[in-house]
Amino acid sequence: MFDKRINLSLLLGGVATVALLAQSPQPTCHHCQATYIPVSELEAYTAKAIKYNIVDQQVREVDLGKTQVGIGMVTRGKLLPGTARKGAVAEHEQVSEVYHIIEGTATLETGPDLVGAVKRPATEKTVMVQNGPGWSSDSIVNPEVHHLKPGDVIIIPAGTGHLFTEIPDHITYLMVRIDPDKVVPTKSQAESEADLKVIPPGRAGR
């Protein structure tokens with residue numbers, strides 16, 4: 001009788017343990033730490049962009065278990081209406097983007113239907129380390145037109161083309177890249193700090 005009680009107690013205890021485990025948190029990113037990026041680092045990227053005429057720079061790319069998230073800083077200079085370069089429409093097949101406008105204004109066109117799409121080269125830096133494979137084109141069929149200003153946020157899903165058609169003076173924005181297929185490499189704080197010290201080729205005298 002005593003042994004039966006012990007066995008029953010052990011059985012009930014095991015059931016209770018399994019039930020508690022089933023109810024405990026099951027995160028998709030196991031034991032992951034938060035990633036902190038100080039404003040000084042973001043501002044350093046903007047300063048570098050202005051000094052060396054760089055448009056888009058990747059600050060971080062963080063593995064979150066089931067997905068990755070990239071943080072970029074983008075600074076674009078003046079663009080007069082009708083002067084966008086050939087193939088200026090960008091479309092990313094696997095990476096969605098979120099812009100948070102920090103400074104300046106611009107007109108942005110978006111849409112999924114591209115005119116004369118051309119595959120972006122796999123060796124292109126932006127493809128390899130920022131937003132993955134995609135297409136370029138000259139224009140978008142029936143685009144939506146967005147007038148961006150400081151504080152605005154716009155979400156651009158993977159597969160949606162986007163084109164700046166006018167920038168009266170300049171625009172600076174923080175970019176969040178959502179990379180569920182992990183098509184670009186991660187970038188740590190140490191790699192970011194090292195990257196900030198690199199002078200772009202041919203621009204040492206600027």
# chains A, B, ... in the order shown; residues from 1 in each chain; ligands from 1

call {"tool": "select_by_dssp", "arguments": {"residues": "chain A", "states": "strand (DSSP E or B)", "output": "PyMOL selection string"}}
result
chain A and resi 56-63+68-76+79+89-92+96-104+106-111+114-115+118-119+134-137+139-140+144-148+153-156+161-167+171-179+187

call {"tool": "residues_around", "arguments": {"residues": "Gly72 (chain A)", "least_positions_apart": "6", "cutoff": "6 Å", "atoms": "only C-alpha atoms", "output": "ChimeraX atom specification"}}
result
/A:57-59,174-175

call {"tool": "write_last_selection", "arguments": {"atoms": "N, CA, C and O atoms", "output": "PDB file, in the first residue's frame"}}
result
ATOM      1  N   GLN A  57      23.481  52.904 -45.017  1.00  0.00           N
ATOM      2  CA  GLN A  57      24.474  52.184 -44.223  1.00  0.00           C
ATOM      3  C   GLN A  57      23.774  51.271 -43.215  1.00  0.00           C
ATOM      4  O   GLN A  57      22.849  51.691 -42.521  1.00  0.00           O
ATOM      5  N   GLN A  58      24.232  50.040 -43.158  1.00  0.00           N
ATOM      6  CA  GLN A  58      23.689  49.076 -42.204  1.00  0.00           C
ATOM      7  C   GLN A  58      24.366  49.263 -40.840  1.00  0.00           C
ATOM      8  O   GLN A  58      25.589  49.213 -40.735  1.00  0.00           O
ATOM      9  N   VAL A  59      23.563  49.480 -39.797  1.00  0.00           N
ATOM     10  CA  VAL A  59      24.081  49.670 -38.448  1.00  0.00           C
ATOM     11  C   VAL A  59      24.176  48.333 -37.715  1.00  0.00           C
ATOM     12  O   VAL A  59      25.183  48.025 -37.080  1.00  0.00           O
ATOM     13  N   LEU A 174      15.647  56.498 -40.310  1.00  0.00           N
ATOM     14  CA  LEU A 174      16.077  55.227 -39.745  1.00  0.00           C
ATOM     15  C   LEU A 174      15.319  54.115 -40.455  1.00  0.00           C
ATOM     16  O   LEU A 174      14.105  54.210 -40.649  1.00  0.00           O
ATOM     17  N   MET A 175      16.035  53.098 -40.846  1.00  0.00           N
ATOM     18  CA  MET A 175      15.466  51.981 -41.593  1.00  0.00           C
ATOM     19  C   MET A 175      15.447  50.724 -40.721  1.00  0.00           C
ATOM     20  O   MET A 175      16.475  50.350 -40.146  1.00  0.00           O
TER      21      MET A 175
END

call {"tool": "select_by_dssp", "arguments": {"residues": "region 125-204 of chain A", "states": "helix (DSSP H, G or I)", "output": "list in words"}}
result
Lys125, Thr126, Val127, Met128, Val129, Gln130, Asn131, Gln189, Ala190, Glu191, Ser192, Glu193, Ala194, Asp195 and Leu196 of chain A

call {"tool": "closest_residue", "arguments": {"among": "A:Val153, A:Ile50, A:Leu79, A:Val62", "to": "Cys29 (chain A)", "atoms": "only C-alpha atoms"}}
result
A:Val62

call {"tool": "residues_around", "arguments": {"residues": "Gln94 (chain A)", "least_positions_apart": "2", "cutoff": "10 Å", "atoms": "only C-alpha atoms", "output": "PDB file with all heavy atoms, in the first residue's frame"}}
result
ATOM      1  N   GLU A  91      13.155  47.039 -55.496  1.00  0.00           N
ATOM      2  CA  GLU A  91      12.218  46.052 -54.966  1.00  0.00           C
ATOM      3  C   GLU A  91      13.030  44.931 -54.344  1.00  0.00           C
ATOM      4  O   GLU A  91      14.012  44.474 -54.924  1.00  0.00           O
ATOM      5  CB  GLU A  91      11.324  45.506 -56.087  1.00  0.00           C
ATOM      6  CG  GLU A  91      10.291  44.491 -55.628  1.00  0.00           C
ATOM      7  CD  GLU A  91      10.746  43.036 -55.818  1.00  0.00           C
ATOM      8  OE1 GLU A  91      11.949  42.792 -56.088  1.00  0.00           O
ATOM      9  OE2 GLU A  91       9.898  42.146 -55.699  1.00  0.00           O
ATOM     10  N   HIS A  92      12.667  44.540 -53.124  1.00  0.00           N
ATOM     11  CA  HIS A  92      13.388  43.497 -52.399  1.00  0.00           C
ATOM     12  C   HIS A  92      12.472  42.281 -52.241  1.00  0.00           C
ATOM     13  O   HIS A  92      11.366  42.396 -51.714  1.00  0.00           O
ATOM     14  CB  HIS A  92      13.849  44.016 -51.047  1.00  0.00           C
ATOM     15  CG  HIS A  92      14.454  45.387 -51.108  1.00  0.00           C
ATOM     16  ND1 HIS A  92      15.524  45.680 -51.929  1.00  0.00           N
ATOM     17  CD2 HIS A  92      14.117  46.551 -50.487  1.00  0.00           C
ATOM     18  CE1 HIS A  92      15.826  46.959 -51.800  1.00  0.00           C
ATOM     19  NE2 HIS A  92      14.989  47.512 -50.942  1.00  0.00           N
ATOM     20  N   SER A  96      11.390  43.051 -45.946  1.00  0.00           N
ATOM     21  CA  SER A  96      10.485  44.191 -45.826  1.00  0.00           C
ATOM     22  C   SER A  96      11.197  45.327 -45.102  1.00  0.00           C
ATOM     23  O   SER A  96      12.139  45.093 -44.336  1.00  0.00           O
ATOM     24  CB  SER A  96       9.220  43.794 -45.045  1.00  0.00           C
ATOM     25  OG  SER A  96       8.517  42.766 -45.711  1.00  0.00           O
ATOM     26  N   ASN A 131      19.709  44.374 -47.979  1.00  0.00           N
ATOM     27  CA  ASN A 131      18.313  44.025 -48.224  1.00  0.00           C
ATOM     28  C   ASN A 131      18.088  42.824 -49.137  1.00  0.00           C
ATOM     29  O   ASN A 131      16.964  42.599 -49.581  1.00  0.00           O
ATOM     30  CB  ASN A 131      17.541  45.245 -48.758  1.00  0.00           C
ATOM     31  CG  ASN A 131      18.321  46.023 -49.796  1.00  0.00           C
ATOM     32  OD1 ASN A 131      18.951  45.418 -50.663  1.00  0.00           O
ATOM     33  ND2 ASN A 131      18.294  47.338 -49.710  1.00  0.00           N
ATOM     34  N   GLY A 132      19.115  42.051 -49.413  1.00  0.00           N
ATOM     35  CA  GLY A 132      18.927  40.793 -50.120  1.00  0.00           C
ATOM     36  C   GLY A 132      18.569  40.943 -51.589  1.00  0.00           C
ATOM     37  O   GLY A 132      18.548  42.048 -52.141  1.00  0.00           O
ATOM     38  N   PRO A 133      18.254  39.825 -52.240  1.00  0.00           N
ATOM     39  CA  PRO A 133      17.980  39.833 -53.676  1.00  0.00           C
ATOM     40  C   PRO A 133      16.711  40.596 -54.019  1.00  0.00           C
ATOM     41  O   PRO A 133      15.784  40.697 -53.222  1.00  0.00           O
ATOM     42  CB  PRO A 133      17.837  38.347 -54.020  1.00  0.00           C
ATOM     43  CG  PRO A 133      17.448  37.692 -52.730  1.00  0.00           C
ATOM     44  CD  PRO A 133      18.153  38.475 -51.660  1.00  0.00           C
ATOM     45  N   GLY A 134      16.701  41.126 -55.241  1.00  0.00           N
ATOM     46  CA  GLY A 134      15.524  41.872 -55.680  1.00  0.00           C
ATOM     47  C   GLY A 134      15.696  42.368 -57.098  1.00  0.00           C
ATOM     48  O   GLY A 134      16.528  41.855 -57.860  1.00  0.00           O
ATOM     49  N   PRO A 157       6.386  46.409 -47.786  1.00  0.00           N
ATOM     50  CA  PRO A 157       6.523  44.948 -47.755  1.00  0.00           C
ATOM     51  C   PRO A 157       7.509  44.445 -48.807  1.00  0.00           C
ATOM     52  O   PRO A 157       7.728  45.093 -49.839  1.00  0.00           O
ATOM     53  CB  PRO A 157       5.099  44.451 -48.072  1.00  0.00           C
ATOM     54  CG  PRO A 157       4.208  45.634 -47.847  1.00  0.00           C
ATOM     55  CD  PRO A 157       5.033  46.837 -48.157  1.00  0.00           C
ATOM     56  N   ALA A 158       8.086  43.285 -48.554  1.00  0.00           N
ATOM     57  CA  ALA A 158       8.910  42.627 -49.566  1.00  0.00           C
ATOM     58  C   ALA A 158       8.067  42.457 -50.835  1.00  0.00           C
ATOM     59  O   ALA A 158       6.891  42.102 -50.769  1.00  0.00           O
ATOM     60  CB  ALA A 158       9.384  41.269 -49.061  1.00  0.00           C
ATOM     61  N   GLY A 159       8.663  42.736 -51.995  1.00  0.00           N
ATOM     62  CA  GLY A 159       7.933  42.629 -53.254  1.00  0.00           C
ATOM     63  C   GLY A 159       7.279  43.914 -53.702  1.00  0.00           C
ATOM     64  O   GLY A 159       6.695  43.957 -54.790  1.00  0.00           O
ATOM     65  N   ILE A 178      13.189  43.813 -42.029  1.00  0.00           N
ATOM     66  CA  ILE A 178      12.672  42.554 -41.492  1.00  0.00           C
ATOM     67  C   ILE A 178      13.082  41.439 -42.448  1.00  0.00           C
ATOM     68  O   ILE A 178      12.668  41.421 -43.612  1.00  0.00           O
ATOM     69  CB  ILE A 178      11.141  42.625 -41.338  1.00  0.00           C
ATOM     70  CG1 ILE A 178      10.773  43.810 -40.435  1.00  0.00           C
ATOM     71  CG2 ILE A 178      10.593  41.325 -40.754  1.00  0.00           C
ATOM     72  CD1 ILE A 178       9.324  44.189 -40.477  1.00  0.00           C
ATOM     73  N   ASP A 179      13.895  40.528 -41.951  1.00  0.00           N
ATOM     74  CA  ASP A 179      14.566  39.530 -42.778  1.00  0.00           C
ATOM     75  C   ASP A 179      14.242  38.113 -42.279  1.00  0.00           C
ATOM     76  O   ASP A 179      15.063  37.468 -41.628  1.00  0.00           O
ATOM     77  CB  ASP A 179      16.081  39.815 -42.715  1.00  0.00           C
ATOM     78  CG  ASP A 179      16.925  38.857 -43.535  1.00  0.00           C
ATOM     79  OD1 ASP A 179      16.357  38.061 -44.310  1.00  0.00           O
ATOM     80  OD2 ASP A 179      18.167  38.893 -43.381  1.00  0.00           O
ATOM     81  N   PRO A 180      13.030  37.595 -42.559  1.00  0.00           N
ATOM     82  CA  PRO A 180      12.627  36.297 -42.019  1.00  0.00           C
ATOM     83  C   PRO A 180      13.423  35.119 -42.560  1.00  0.00           C
ATOM     84  O   PRO A 180      13.527  34.082 -41.899  1.00  0.00           O
ATOM     85  CB  PRO A 180      11.146  36.184 -42.416  1.00  0.00           C
ATOM     86  CG  PRO A 180      11.019  37.070 -43.612  1.00  0.00           C
ATOM     87  CD  PRO A 180      11.971  38.213 -43.381  1.00  0.00           C
ATOM     88  N   ASP A 181      13.994  35.266 -43.759  1.00  0.00           N
ATOM     89  CA  ASP A 181      14.757  34.169 -44.361  1.00  0.00           C
ATOM     90  C   ASP A 181      16.248  34.264 -44.058  1.00  0.00           C
ATOM     91  O   ASP A 181      17.027  33.425 -44.518  1.00  0.00           O
ATOM     92  CB  ASP A 181      14.531  34.149 -45.876  1.00  0.00           C
ATOM     93  CG  ASP A 181      13.068  33.930 -46.223  1.00  0.00           C
ATOM     94  OD1 ASP A 181      12.499  32.935 -45.753  1.00  0.00           O
ATOM     95  OD2 ASP A 181      12.494  34.775 -46.935  1.00  0.00           O
ATOM     96  N   LYS A 182      16.639  35.302 -43.311  1.00  0.00           N
ATOM     97  CA  LYS A 182      18.038  35.491 -42.907  1.00  0.00           C
ATOM     98  C   LYS A 182      18.973  35.460 -44.121  1.00  0.00           C
ATOM     99  O   LYS A 182      19.952  34.709 -44.168  1.00  0.00           O
ATOM    100  CB  LYS A 182      18.440  34.431 -41.879  1.00  0.00           C
ATOM    101  CG  LYS A 182      17.548  34.448 -40.637  1.00  0.00           C
ATOM    102  CD  LYS A 182      18.011  33.454 -39.586  1.00  0.00           C
ATOM    103  CE  LYS A 182      17.102  33.509 -38.360  1.00  0.00           C
ATOM    104  NZ  LYS A 182      17.554  32.619 -37.276  1.00  0.00           N
ATOM    105  N   VAL A 183      18.654  36.302 -45.108  1.00  0.00           N
ATOM    106  CA  VAL A 183      19.417  36.309 -46.356  1.00  0.00           C
ATOM    107  C   VAL A 183      20.648  37.208 -46.294  1.00  0.00           C
ATOM    108  O   VAL A 183      21.497  37.146 -47.186  1.00  0.00           O
ATOM    109  CB  VAL A 183      18.528  36.725 -47.550  1.00  0.00           C
ATOM    110  CG1 VAL A 183      17.440  35.695 -47.796  1.00  0.00           C
ATOM    111  CG2 VAL A 183      17.920  38.107 -47.337  1.00  0.00           C
TER     112      VAL A 183
END

call {"tool": "residues_around", "arguments": {"residues": "Asp138 (chain A)", "least_positions_apart": "2", "cutoff": "9 Å", "atoms": "only C-alpha atoms", "output": "ChimeraX atom specification"}}
result
/A:84-89,114-117,136,140

call {"tool": "write_last_selection", "arguments": {"atoms": "N, CA and C atoms", "output": "mmCIF file, in the first residue's frame"}}
result
data_model
loop_
_atom_site.group_PDB
_atom_site.id
_atom_site.type_symbol
_atom_site.label_atom_id
_atom_site.label_comp_id
_atom_site.auth_asym_id
_atom_site.auth_seq_id
_atom_site.Cartn_x
_atom_site.Cartn_y
_atom_site.Cartn_z
ATOM 1 N N ALA A 84 15.181 61.446 -61.446
ATOM 2 C CA ALA A 84 15.562 60.147 -60.880
ATOM 3 C C ALA A 84 16.305 59.342 -61.947
ATOM 4 N N ARG A 85 17.386 58.702 -61.553
ATOM 5 C CA ARG A 85 18.210 57.961 -62.504
ATOM 6 C C ARG A 85 17.466 56.740 -63.043
ATOM 7 N N LYS A 86 17.905 56.248 -64.197
ATOM 8 C CA LYS A 86 17.333 55.045 -64.798
ATOM 9 C C LYS A 86 17.538 53.862 -63.854
ATOM 10 N N GLY A 87 16.505 53.062 -63.667
ATOM 11 C CA GLY A 87 16.594 51.898 -62.794
ATOM 12 C C GLY A 87 16.552 52.242 -61.317
ATOM 13 N N ALA A 88 16.009 53.422 -60.981
ATOM 14 C CA ALA A 88 16.022 53.886 -59.586
ATOM 15 C C ALA A 88 14.972 53.210 -58.706
ATOM 16 N N VAL A 89 13.985 52.561 -59.316
ATOM 17 C CA VAL A 89 12.999 51.824 -58.510
ATOM 18 C C VAL A 89 13.678 50.605 -57.898
ATOM 19 N N LEU A 114 6.176 46.569 -61.464
ATOM 20 C CA LEU A 114 7.338 47.285 -61.988
ATOM 21 C C LEU A 114 7.362 47.271 -63.507
ATOM 22 N N VAL A 115 7.916 48.340 -64.089
ATOM 23 C CA VAL A 115 8.049 48.447 -65.540
ATOM 24 C C VAL A 115 9.497 48.134 -65.918
ATOM 25 N N GLY A 116 9.688 47.101 -66.759
ATOM 26 C CA GLY A 116 11.033 46.752 -67.225
ATOM 27 C C GLY A 116 11.972 46.318 -66.117
ATOM 28 N N ALA A 117 11.494 45.429 -65.241
ATOM 29 C CA ALA A 117 12.297 45.001 -64.095
ATOM 30 C C ALA A 117 13.551 44.253 -64.531
ATOM 31 N N SER A 136 15.381 45.936 -59.959
ATOM 32 C CA SER A 136 15.359 47.371 -60.213
ATOM 33 C C SER A 136 14.491 47.623 -61.444
ATOM 34 N N ILE A 140 6.943 52.523 -61.794
ATOM 35 C CA ILE A 140 5.935 51.665 -61.156
ATOM 36 C C ILE A 140 4.588 51.953 -61.793
#

call {"tool": "atom_distance", "arguments": {"atom1": "CA of Glu124 (chain A)", "atom2": "CA of Tyr36 (chain A)"}}
result
28.5 Å

call {"tool": "closest_residue", "arguments": {"among": "A:His170, A:His147, A:Lys187, A:His31", "to": "Leu108 (chain A)", "atoms": "only C-alpha atoms"}}
result
A:His147

call {"tool": "residues_around", "arguments": {"residues": "Arg177 (chain A)", "least_positions_apart": "2", "cutoff": "6 Å", "atoms": "only C-alpha atoms", "output": "ChimeraX atom specification"}}
result
/A:69-70,96-97

call {"tool": "closest_residue", "arguments": {"among": "A:Asp113, A:Glu61, A:Glu103, A:Glu41", "to": "Ile171 (chain A)", "atoms": "only C-alpha atoms"}}
result
A:Glu103

call {"tool": "closest_atom_pairs", "arguments": {"of": "region 111-169 of chain A", "to": "region 99-102 of chain A", "cutoff": "10 Å", "atoms": "only C-alpha atoms", "output": "JSON lines"}}
result
{"residue": "A:Leu148", "atom": "CA", "partner": "A:Ile101", "partner_atom": "CA", "distance": 7.2}
{"residue": "A:Lys149", "atom": "CA", "partner": "A:Ile101", "partner_atom": "CA", "distance": 6.3}
{"residue": "A:Pro150", "atom": "CA", "partner": "A:Ile101", "partner_atom": "CA", "distance": 4.8}
{"residue": "A:Gly151", "atom": "CA", "partner": "A:Ile101", "partner_atom": "CA", "distance": 5.4}
{"residue": "A:Asp152", "atom": "CA", "partner": "A:Ile101", "partner_atom": "CA", "distance": 5.4}
{"residue": "A:Val153", "atom": "CA", "partner": "A:His100", "partner_atom": "CA", "distance": 4.6}
{"residue": "A:Ile154", "atom": "CA", "partner": "A:Tyr99", "partner_atom": "CA", "distance": 5.3}
{"residue": "A:Ile155", "atom": "CA", "partner": "A:Tyr99", "partner_atom": "CA", "distance": 6.5}
{"residue": "A:Ile156", "atom": "CA", "partner": "A:Tyr99", "partner_atom": "CA", "distance": 8.2}

call {"tool": "write_last_selection", "arguments": {"atoms": "all heavy atoms", "output": "short mmCIF file (atom, residue, chain, number, x, y, z; two decimals), in the first residue's frame"}}
result
data_model
loop_
_atom_site.label_atom_id
_atom_site.label_comp_id
_atom_site.auth_asym_id
_atom_site.auth_seq_id
_atom_site.Cartn_x
_atom_site.Cartn_y
_atom_site.Cartn_z
N LEU A 148 6.45 62.40 -47.46
CA LEU A 148 7.07 62.07 -46.18
C LEU A 148 7.60 63.31 -45.48
O LEU A 148 8.17 64.19 -46.12
CB LEU A 148 8.20 61.07 -46.39
CG LEU A 148 7.84 59.79 -47.16
CD1 LEU A 148 9.08 58.91 -47.31
CD2 LEU A 148 6.73 59.03 -46.46
N LYS A 149 7.43 63.34 -44.16
CA LYS A 149 7.93 64.45 -43.34
C LYS A 149 8.41 63.89 -42.00
O LYS A 149 8.11 62.73 -41.67
CB LYS A 149 6.81 65.48 -43.12
CG LYS A 149 5.60 64.94 -42.39
CD LYS A 149 4.50 65.96 -42.31
CE LYS A 149 3.30 65.44 -41.51
NZ LYS A 149 2.75 64.19 -42.05
N PRO A 150 9.16 64.68 -41.21
CA PRO A 150 9.69 64.18 -39.95
C PRO A 150 8.60 63.60 -39.04
O PRO A 150 7.53 64.19 -38.88
CB PRO A 150 10.33 65.42 -39.32
CG PRO A 150 10.75 66.24 -40.50
CD PRO A 150 9.65 66.05 -41.51
N GLY A 151 8.90 62.44 -38.48
CA GLY A 151 7.95 61.75 -37.60
C GLY A 151 7.13 60.69 -38.30
O GLY A 151 6.58 59.80 -37.65
N ASP A 152 7.02 60.78 -39.64
CA ASP A 152 6.23 59.80 -40.38
C ASP A 152 6.91 58.43 -40.37
O ASP A 152 8.13 58.32 -40.25
CB ASP A 152 6.07 60.24 -41.84
CG ASP A 152 5.08 61.38 -42.01
OD1 ASP A 152 4.41 61.74 -41.03
OD2 ASP A 152 4.98 61.91 -43.14
N VAL A 153 6.08 57.40 -40.55
CA VAL A 153 6.55 56.02 -40.70
C VAL A 153 5.87 55.42 -41.93
O VAL A 153 4.67 55.63 -42.15
CB VAL A 153 6.21 55.16 -39.46
CG1 VAL A 153 6.49 53.68 -39.73
CG2 VAL A 153 6.99 55.64 -38.25
N ILE A 154 6.62 54.73 -42.75
CA ILE A 154 6.03 54.01 -43.88
C ILE A 154 6.58 52.59 -43.90
O ILE A 154 7.78 52.37 -43.66
CB ILE A 154 6.29 54.73 -45.23
CG1 ILE A 154 5.54 54.01 -46.35
CG2 ILE A 154 7.79 54.85 -45.53
CD1 ILE A 154 5.41 54.83 -47.62
N ILE A 155 5.70 51.62 -44.14
CA ILE A 155 6.05 50.20 -44.17
C ILE A 155 6.01 49.72 -45.62
O ILE A 155 4.98 49.87 -46.30
CB ILE A 155 5.05 49.37 -43.33
CG1 ILE A 155 5.06 49.87 -41.87
CG2 ILE A 155 5.40 47.88 -43.39
CD1 ILE A 155 3.94 49.31 -41.02
N ILE A 156 7.11 49.17 -46.08
CA ILE A 156 7.21 48.70 -47.47
C ILE A 156 7.42 47.18 -47.46
O ILE A 156 8.52 46.71 -47.12
CB ILE A 156 8.37 49.40 -48.20
CG1 ILE A 156 8.18 50.93 -48.14
CG2 ILE A 156 8.46 48.92 -49.64
CD1 ILE A 156 9.32 51.72 -48.74
#

call {"tool": "atom_distance", "arguments": {"atom1": "CA of Gln130 (chain A)", "atom2": "CA of Val184 (chain A)"}}
result
6.4 Å

call {"tool": "residues_around", "arguments": {"residues": "Gly161 (chain A)", "least_positions_apart": "4", "cutoff": "6 Å", "atoms": "only C-alpha atoms", "output": "list in words"}}
result
Ala90, Glu91, Thr110, Gly111 and Pro112 of chain A

call {"tool": "closest_atom_pairs", "arguments": {"of": "region 23-63 of chain A", "to": "region 189-197 of chain A", "cutoff": "8 Å", "atoms": "only C-alpha atoms", "output": "CSV"}}
result
residue,atom,partner,partner_atom,distance
A:Ala44,CA,A:Leu196,CA,7.5
A:Tyr45,CA,A:Leu196,CA,6.9
A:Lys48,CA,A:Leu196,CA,7.5
A:Val59,CA,A:Ser192,CA,5.9
A:Arg60,CA,A:Ser192,CA,6.9

call {"tool": "atom_distance", "arguments": {"atom1": "CA of Asn142 (chain A)", "atom2": "CA of Leu163 (chain A)"}}
result
12.6 Å
